[in-house]
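Containing compact mmCIF, C-alpha atoms: input.txt.
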```txt
# COMPACT_ATOMS: atom_id res chain seq x y z
CA MET K 1 230.22 294.41 94.97
CA PHE K 2 233.82 295.58 95.08
CA ARG K 3 235.98 294.12 92.31
CA SER K 4 239.73 294.36 92.22
CA ASN K 5 241.47 295.67 89.12
CA ASN K 6 244.18 293.07 89.53
CA VAL K 7 243.72 290.32 86.95
CA VAL K 8 245.22 287.57 89.09
CA ALA K 9 243.05 288.52 92.09
CA ARG K 10 239.92 288.40 89.95
CA ILE K 11 240.88 285.01 88.51
CA PHE K 12 241.34 283.37 91.89
CA GLN K 13 238.27 285.09 93.35
CA ARG K 14 236.22 283.60 90.53
CA GLN K 15 237.85 280.19 91.01
CA ILE K 16 237.02 280.13 94.73
CA CYS K 17 233.50 281.55 94.68
CA THR K 18 231.99 280.02 91.52
CA PRO K 19 231.91 276.54 89.98
CA ALA K 20 234.01 275.60 87.01
CA PRO K 21 232.85 276.83 83.58
CA GLY K 22 230.38 274.59 81.73
CA THR K 23 229.03 272.82 84.81
CA ILE K 24 225.36 271.95 85.28
CA LEU K 25 224.42 272.93 88.78
CA TRP K 26 221.27 270.82 89.31
CA LYS K 27 218.75 268.68 87.54
CA GLU K 28 215.35 268.89 89.16
CA PHE K 29 213.13 265.84 89.17
CA THR K 30 209.74 265.39 90.73
CA GLU K 31 211.30 263.23 93.45
CA GLY K 32 214.15 265.61 94.32
CA TYR K 33 217.56 266.90 93.11
CA ILE K 34 220.40 265.08 91.43
CA GLU K 35 223.81 266.75 91.07
CA VAL K 36 225.75 266.08 87.89
CA ALA K 37 229.17 267.21 86.75
CA SER K 38 229.12 268.22 83.12
CA ILE K 39 226.93 270.00 80.64
CA GLN K 40 227.63 267.27 78.10
CA GLU K 41 225.51 264.91 80.17
CA LYS K 42 222.26 265.81 78.44
CA ARG K 43 220.70 262.42 77.91
CA ILE K 44 218.44 261.50 80.75
CA CYS K 45 215.94 258.68 80.93
CA PRO K 46 213.35 259.35 78.20
CA GLU K 47 210.48 258.39 80.47
CA MET K 48 211.34 261.29 82.83
CA LYS K 49 209.50 264.20 81.28
CA ASP K 50 209.31 266.61 84.24
CA ILE K 51 212.87 267.88 84.17
CA LEU K 52 214.12 271.39 84.81
CA VAL K 53 217.79 271.86 84.02
CA TRP K 54 219.70 274.82 85.53
CA VAL K 55 222.94 275.55 83.72
CA HIS K 56 225.72 277.76 85.09
CA CYS K 57 226.86 279.96 82.18
CA ALA K 58 230.34 281.42 82.49
CA ARG K 59 233.14 282.46 80.15
CA ARG K 60 236.21 280.30 80.00
CA PHE K 61 239.20 282.08 81.46
CA TYR K 62 242.88 281.19 81.58
CA GLU K 63 244.44 280.94 85.01
CA ASN K 64 248.02 281.27 83.79
CA LEU K 65 249.09 283.96 81.36
CA VAL K 66 252.70 283.63 80.25
CA PRO K 67 254.64 285.55 77.58
CA SER K 68 255.22 283.44 74.51
CA CYS K 69 256.45 285.96 71.98
CA THR K 70 259.31 288.47 71.97
CA ILE K 71 259.11 291.66 69.95
CA TYR K 72 262.42 293.16 68.85
CA ASP K 73 263.39 296.65 67.71
CA VAL K 74 260.61 298.38 69.65
CA GLU K 75 260.52 302.16 69.27
CA CYS K 76 261.30 303.32 72.84
CA PRO K 77 261.72 306.85 74.18
CA ASP K 78 265.29 308.01 74.80
CA HIS K 79 265.24 307.34 78.55
CA SER K 80 267.30 305.36 81.02
CA PHE K 81 264.95 302.67 82.36
CA ARG K 82 265.60 301.69 85.99
CA LYS K 83 263.17 299.02 87.21
CA PHE K 84 259.58 298.00 87.93
CA THR K 85 258.08 298.24 91.38
CA ASP K 86 257.37 294.88 92.99
CA ASP K 87 253.67 295.02 92.18
CA GLY K 88 254.42 295.79 88.53
CA GLN K 89 252.30 298.94 88.56
CA TYR K 90 255.09 301.46 87.86
CA LEU K 91 258.08 301.52 85.52
CA ILE K 92 260.75 303.93 86.76
CA SER K 93 262.94 305.71 84.22
CA PHE K 94 265.15 308.80 84.04
CA SER K 95 265.93 311.27 81.30
CA ARG K 96 269.25 311.00 79.53
CA ASN K 97 270.54 314.19 81.13
CA ASN K 98 269.73 312.70 84.58
CA GLN K 99 267.55 315.67 85.49
CA ASP K 100 263.97 314.34 85.21
CA LEU K 101 262.05 311.39 86.58
CA ILE K 102 259.59 309.72 84.18
CA VAL K 103 257.16 307.09 85.46
CA TYR K 104 255.09 304.78 83.24
CA ARG K 105 252.25 302.37 83.94
CA PRO K 106 251.89 299.13 81.94
CA ARG K 107 248.79 298.80 79.77
CA TRP K 108 248.94 295.03 80.26
CA LEU K 109 247.49 292.76 77.59
CA SER K 110 247.53 294.53 74.25
CA PHE K 111 247.90 291.76 71.68
CA SER K 112 247.15 288.05 71.69
CA CYS K 113 247.70 285.02 69.49
CA LYS K 114 245.59 281.85 69.34
CA GLU K 115 248.16 279.79 67.49
CA GLU K 116 250.74 277.60 69.20
CA ASP K 117 253.66 279.17 67.31
CA CYS K 118 253.29 282.82 68.25
CA ASP K 119 256.61 283.80 66.68
CA SER K 120 255.14 283.29 63.23
CA CYS K 121 251.94 285.11 64.09
CA TYR K 122 251.38 288.47 62.38
CA LEU K 123 251.23 291.49 64.66
CA PRO K 124 250.19 295.00 63.62
CA SER K 125 252.78 297.72 63.21
CA LYS K 126 251.75 299.47 66.43
CA ALA K 127 252.91 296.38 68.35
CA LYS K 128 256.46 297.65 67.88
CA LYS K 129 255.74 300.95 69.61
CA PHE K 130 256.47 301.56 73.27
CA GLU K 131 253.22 303.49 73.70
CA SER K 132 251.22 300.36 72.92
CA PHE K 133 252.42 298.74 76.14
CA PHE K 134 253.04 301.67 78.54
CA THR K 135 251.31 304.91 79.44
CA GLN K 136 253.29 307.85 80.83
CA LEU K 137 251.89 308.98 84.17
CA TYR K 138 254.06 312.01 84.84
CA CYS K 139 257.45 313.65 84.38
CA VAL K 140 259.00 315.39 87.41
CA SER K 141 262.16 317.48 87.47
CA LEU K 142 264.21 316.41 90.50
CA ALA K 143 267.71 317.77 89.93
CA SER K 144 268.83 321.39 89.69
CA SER K 145 271.31 322.71 87.15
CA ASN K 146 274.42 321.43 88.96
CA GLU K 147 272.82 318.24 90.35
CA PHE K 148 272.20 314.89 88.73
CA ILE K 149 269.84 312.04 89.54
CA CYS K 150 271.61 308.95 90.90
CA LYS K 151 270.11 306.45 88.47
CA ASP K 152 271.44 303.46 90.42
CA PHE K 153 269.45 304.48 93.50
CA PHE K 154 265.74 303.87 94.02
CA LEU K 155 263.89 302.56 97.08
CA PHE K 156 260.17 302.13 97.65
CA MET K 157 258.04 301.07 100.60
CA GLU K 158 256.29 297.72 100.71
CA SER K 159 252.96 299.43 100.14
CA ASN K 160 254.42 300.92 96.91
CA GLN K 161 252.90 304.24 97.98
CA PHE K 162 256.13 306.22 98.35
CA GLY K 163 259.37 306.17 96.38
CA LEU K 164 262.75 307.50 97.47
CA PHE K 165 265.11 309.05 94.91
CA ALA K 166 268.48 310.81 95.25
CA THR K 167 270.28 313.65 93.49
CA SER K 168 273.83 314.86 94.06
CA THR K 169 276.54 317.13 92.76
CA ALA K 170 279.91 315.93 91.47
CA GLN K 171 282.40 314.25 93.79
CA ILE K 172 285.47 316.06 95.12
CA HIS K 173 288.16 313.40 95.46
CA ASP K 174 290.87 315.50 97.12
CA ALA K 175 288.64 317.15 99.74
CA PRO K 176 290.43 317.90 103.03
CA ALA K 177 289.34 315.92 106.09
CA THR K 178 287.89 318.63 108.35
CA GLY K 179 285.33 318.55 111.14
CA GLY K 180 285.94 314.94 112.09
CA ALA K 181 285.82 313.58 108.52
CA VAL K 182 287.71 310.42 107.61
CA GLN K 183 290.87 311.00 105.62
CA GLY K 184 290.79 309.76 102.04
CA ILE K 185 287.01 309.62 101.54
CA PRO K 186 285.74 311.95 98.80
CA SER K 187 283.20 314.68 99.46
CA ILE K 188 279.97 315.67 97.72
CA GLU K 189 278.85 319.25 98.14
CA LYS K 190 275.14 318.41 98.18
CA ILE K 191 273.21 315.14 98.42
CA THR K 192 269.41 315.34 98.37
CA PHE K 193 266.95 312.53 99.08
CA HIS K 194 263.49 313.09 97.58
CA LEU K 195 260.38 311.31 98.88
CA LEU K 196 257.67 311.15 96.20
CA ARG K 197 254.17 309.77 96.03
CA LEU K 198 254.32 307.26 93.19
CA GLU K 199 250.68 307.67 92.25
CA ASP K 200 251.04 311.23 90.95
CA GLY K 201 254.71 312.16 91.45
CA PHE K 202 254.01 314.76 94.17
CA ARG K 203 257.14 315.60 96.18
CA LEU K 204 256.30 315.09 99.85
CA ASP K 205 259.59 315.75 101.63
CA GLU K 206 263.34 315.88 101.14
CA ARG K 207 266.51 315.57 103.22
CA VAL K 208 269.78 317.32 102.31
CA PHE K 209 273.37 316.39 103.32
CA HIS K 210 276.11 318.96 102.70
CA ASN K 211 279.82 318.18 102.20
CA ASP K 212 279.27 314.52 102.93
CA PHE K 213 279.57 311.21 101.11
CA VAL K 214 276.89 308.51 100.89
CA ASN K 215 277.47 305.47 98.68
CA LEU K 216 274.37 305.52 96.46
CA THR K 217 275.55 302.86 93.98
CA HIS K 218 272.98 300.05 94.11
CA SER K 219 271.66 301.67 97.33
CA MET K 220 274.65 300.37 99.32
CA GLY K 221 274.71 303.33 101.70
CA VAL K 222 270.96 303.46 102.32
CA PHE K 223 268.69 300.79 103.79
CA LEU K 224 264.90 300.77 104.13
CA TYR K 225 263.22 298.51 106.70
CA ASP K 226 259.46 298.90 106.89
CA ASP K 227 259.12 302.65 107.58
CA LEU K 228 262.65 303.11 108.98
CA LEU K 229 265.34 304.58 106.73
CA ALA K 230 269.06 304.24 107.57
CA ILE K 231 271.55 306.49 105.73
CA VAL K 232 275.27 305.85 106.23
CA SER K 233 277.58 308.85 106.11
CA LEU K 234 280.94 307.40 105.09
CA ARG K 235 282.74 310.68 105.47
CA TYR K 236 281.67 311.25 109.08
CA GLN K 237 281.05 307.58 110.03
CA THR K 238 277.50 308.20 111.18
CA ILE K 239 274.30 306.21 110.66
CA HIS K 240 271.30 308.53 110.36
CA ILE K 241 268.01 306.78 111.14
CA LEU K 242 264.82 308.43 109.88
CA GLN K 243 261.17 307.40 109.89
CA ILE K 244 258.77 307.77 106.96
CA THR K 245 255.37 308.70 108.35
CA ASP K 246 252.04 307.77 106.79
CA SER K 247 251.63 311.37 105.67
CA GLY K 248 254.94 311.21 103.76
CA ASN K 249 257.32 313.10 106.05
CA LEU K 250 260.93 312.24 106.90
CA VAL K 251 261.34 312.45 110.67
CA ASP K 252 264.73 312.23 112.44
CA VAL K 253 264.81 309.34 114.92
CA ARG K 254 268.46 309.27 116.01
CA SER K 255 272.06 309.26 114.79
CA ILE K 256 274.61 306.59 115.67
CA GLY K 257 278.23 307.53 115.19
CA THR K 258 280.22 309.85 117.43
CA PHE K 259 277.55 309.27 120.09
CA CYS K 260 275.31 306.22 120.37
CA ARG K 261 272.98 307.21 123.20
CA GLU K 262 271.20 310.51 123.71
CA ASP K 263 273.13 311.38 126.88
CA ASP K 264 276.61 310.37 125.66
CA GLU K 265 277.55 313.90 124.61
CA LEU K 266 276.30 315.36 127.90
CA PHE K 267 278.30 312.82 129.91
CA LEU K 268 281.52 313.43 127.96
CA ASN K 269 281.21 317.20 128.13
CA SER K 270 280.60 317.12 131.89
CA ASN K 271 283.79 315.11 132.39
CA SER K 272 285.89 316.80 129.70
CA GLN K 273 287.69 319.18 132.11
CA HIS K 274 288.84 316.29 134.24
CA VAL K 275 290.05 314.28 131.23
CA VAL K 276 291.79 317.33 129.78
CA GLY K 277 293.60 317.90 133.06
CA LEU K 278 294.81 314.32 133.11
CA HIS K 279 296.33 314.62 129.66
CA HIS K 280 297.86 318.09 130.32
CA LEU K 281 296.06 319.86 127.49
CA PRO K 282 296.34 323.69 127.53
CA LEU K 283 293.21 325.50 128.66
CA ASP K 284 293.81 329.05 127.42
CA HIS K 285 293.27 328.86 123.64
CA VAL K 286 289.80 329.90 122.52
CA GLU K 287 289.33 331.41 119.08
CA ASN K 288 286.16 332.34 117.13
CA GLY K 289 283.99 330.68 119.77
CA LEU K 290 285.69 327.29 119.30
CA ASP K 291 287.33 325.68 122.30
CA HIS K 292 290.45 323.94 121.03
CA ASN K 293 290.41 321.69 124.09
CA GLU K 294 287.08 320.31 122.95
CA THR K 295 288.42 319.74 119.44
CA ARG K 296 291.48 317.93 120.70
CA LEU K 297 289.32 315.95 123.10
CA HIS K 298 287.17 314.66 120.24
CA ASP K 299 290.34 313.78 118.33
CA PHE K 300 291.58 311.84 121.36
CA PHE K 301 288.45 309.72 121.83
CA LEU K 302 287.22 307.04 119.45
CA SER K 303 283.68 307.37 118.14
CA GLY K 304 280.84 305.81 120.07
CA ILE K 305 280.06 303.17 117.46
CA LYS K 306 283.73 302.13 117.35
CA GLN K 307 283.79 301.95 121.15
CA ARG K 308 280.83 299.59 120.94
CA LEU K 309 282.67 297.43 118.41
CA LEU K 310 285.83 297.25 120.50
CA SER K 311 283.84 296.42 123.65
CA PHE K 312 282.01 293.63 121.84
CA ILE K 313 285.26 292.13 120.49
CA PHE K 314 286.97 292.39 123.90
CA ARG K 315 284.13 290.68 125.77
CA ARG K 316 283.77 287.93 123.21
CA ILE K 317 287.48 287.08 123.37
CA SER K 318 287.50 287.41 127.16
CA ASN K 319 284.63 284.93 127.53
CA GLU K 320 286.48 282.28 125.56
CA GLU K 321 288.73 281.40 128.52
CA THR K 322 287.84 280.94 132.18
CA ASP K 323 291.39 280.83 133.49
CA LYS K 324 292.79 284.33 134.12
CA THR K 325 296.25 283.54 132.79
CA LEU K 326 294.94 281.97 129.59
CA ARG K 327 292.42 284.78 129.24
CA MET K 328 295.14 287.42 129.33
CA GLN K 329 297.24 285.54 126.80
CA CYS K 330 294.23 285.20 124.54
CA LEU K 331 293.49 288.94 124.82
CA LYS K 332 297.08 289.84 123.99
CA LYS K 333 297.08 287.58 120.96
CA LYS K 334 293.62 288.29 119.52
CA PHE K 335 292.75 291.77 120.79
CA TYR K 336 295.73 293.94 121.75
CA PHE K 337 297.89 292.66 118.90
CA HIS K 338 295.16 293.65 116.36
CA PHE K 339 293.97 296.72 118.26
CA GLN K 340 295.16 299.23 115.64
CA ASP K 341 293.50 297.18 112.90
CA TYR K 342 290.20 297.43 114.76
CA VAL K 343 290.67 301.17 115.23
CA ASP K 344 291.30 301.65 111.51
CA LEU K 345 288.04 299.96 110.53
CA ILE K 346 285.37 302.17 108.98
CA VAL K 347 281.63 301.71 108.57
CA TRP K 348 280.90 300.86 104.94
CA LYS K 349 277.22 299.98 104.81
CA VAL K 350 274.22 298.90 106.87
CA ILE K 351 273.43 295.27 106.14
CA TYR K 352 270.05 295.10 107.84
CA ALA K 353 268.14 296.77 110.65
CA LEU K 354 266.47 295.31 113.72
CA LEU K 355 263.63 296.86 115.65
CA TRP K 356 262.80 295.72 119.14
CA THR K 357 261.31 297.33 122.22
CA GLY K 358 263.12 300.52 123.12
CA THR K 359 266.05 299.93 120.76
CA ILE K 360 266.60 300.73 117.11
CA LEU K 361 269.91 299.48 115.89
CA GLY K 362 271.25 298.07 112.65
CA PRO K 363 274.38 295.90 112.43
CA ALA K 364 276.91 297.73 110.29
CA SER K 365 279.44 296.32 107.88
CA PHE K 366 283.02 297.31 108.69
CA VAL K 367 285.87 297.16 106.22
CA ASN K 368 289.55 297.97 106.43
CA GLN K 369 290.41 301.56 105.66
CA VAL K 370 292.33 301.26 102.40
CA TRP K 371 292.33 304.32 100.11
```

Show how you would write the structure in this file as structure tokens.
Amino acid sequence: MFRSNNVVARIFQRQICTPAPGTILWKEFTEGYIEVASIQEKRICPEMKDILVWVHCARRFYENLVPSCTIYDVECPDHSFRKFTDDGQYLISFSRNNQDLIVYRPRWLSFSCKEEDCDSCYLPSKAKKFESFFTQLYCVSLASSNEFICKDFFLFMESNQFGLFATSTAQIHDAPATGGAVQGIPSIEKITFHLLRLEDGFRLDERVFHNDFVNLTHSMGVFLYDDLLAIVSLRYQTIHILQITDSGNLVDVRSIGTFCREDDELFLNSNSQHVVGLHHLPLDHVENGLDHNETRLHDFFLSGIKQRLLSFIFRRISNEETDKTLRMQCLKKKFYFHFQDYVDLIVWKVIYALLWTGTILGPASFVNQVW
């Protein structure tokens, strides 16, 4: 019979499938069976000699195990401890130089006390050693010489099978805003996301972002929903959505930012010549394979995600009034008057993600651009 290694699961399995400890199952008489409740009930009518007593023998077991004693000044390794996984099977820690990942597994119950006042109970000297409570599973080097592990960042799937870690180089605060980057946001030369199998620390896949900025503090710029991973590029105002497969691969699903739908770029490029002609942009400057008309066109248009935001705000305000005159006044007051404020908003983080048929989209948190 399969038995779980989880103590709580075994306790409740025993409680459901077997009677309580110390219970007599049956007393057999010549006339039939009589069920009784306790083993202490041993005295039966003396005249009844033909009695066969079946007793259920079982160990007494506690259903609730709670800590009742605190041990101070424990000899711990010189690591930076991050957190436990939700199932309590893994303790995540990092080396002091932020280069290595060290994972421990709890050894669970090591010492016990039968007295009510456990603080006065004597414990052996090994009770003050970290190794008495945890076993090191593995140590993996994640960061290169010029990279460091982001110790505030760690995500894991609900199955606790995979863990996601991040390494990055130092920030460049005065980086120029080139290639559509937002002015004033720092740049990081290299950001790497590592997908590891928590059981043995094997590195399954990784994803690298160059000259970008992702807010990794407390995982603010990254969100995990089931097997979907959303990474927010603050520098380029793009939400990258990836999927973690069962085999442990990071697969690109889509990017929401400059373009929201797959055919947005094709539609804009097919109509770019007409738009350029309307705005009298020169058509004869091409250098190093880069069409300056295309660059200026992208500078002229707002990003796709910001267009979605403005459209949503406009329609919501427009639907507040049915009268055309009042509607226009309401739009002037609430939309056009604050139009530049809406344009200056930037995506800061993904709050949550929603998955429904044919659409993968996560509401984003916008904040004012103040740097």

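Interatomic distance, atom CA of K:Lys128 against atom CA of K:Ser95: 21.3 Å.
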
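Coordinates place atom CA of K:Ile102 at a distance of 11.8 Å from atom CA of K:Lys151.
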
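Counting all atoms listed in the file, the residue from K:Asp252, K:Asp344, K:Asp226, K:Asp264 that sits nearest to K:Ser159 is K:Asp226.
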
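The space between atom CA of K:Tyr90 and atom CA of K:Asn146 spans 27.8 Å.
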
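Comparing the minimum interatomic distances between K:Arg207 and each of K:Ser168, K:Ser80, K:Thr238, K:Ser270, counting all atoms listed in the file, we find that K:Ser168 sits nearest.
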
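Taking all atoms listed in the file into account, K:His79 lies nearest to K:Leu101 out of the set K:Leu101, K:Ala230, K:Val66, K:Val182.
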
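Candidate residues K:Ile172, K:Leu195, K:Cys260, K:Ile231 were compared for distance to K:Ser219, and the nearest is K:Ile231, using all atoms listed in the file.
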
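With only C-alpha atoms as the atoms that count, the residue of K:Leu216, K:Gly221, K:Pro176, K:Lys129 with the shortest distance to K:Tyr72 is K:Lys129.
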
Quick one: residues within 6 Å of stretch 304-308 of chain K, all atoms listed in the file counted, chain neighbours fewer than 2 positions away excluded, as number ranges by chain?
K: 257-260, 310-311

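Distances to K:Arg235 were evaluated for K:Ile346, K:Val222, K:Met328, K:Leu196 using all atoms listed in the file, and the minimum falls at K:Ile346.
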
I want to know what sits within 8 Å of K:Leu224, based on only C-alpha atoms, with residues of the same chain fewer than 4 positions away left out; could you give that as a PyMOL selection string?
chain K and resi 155+157+228-230
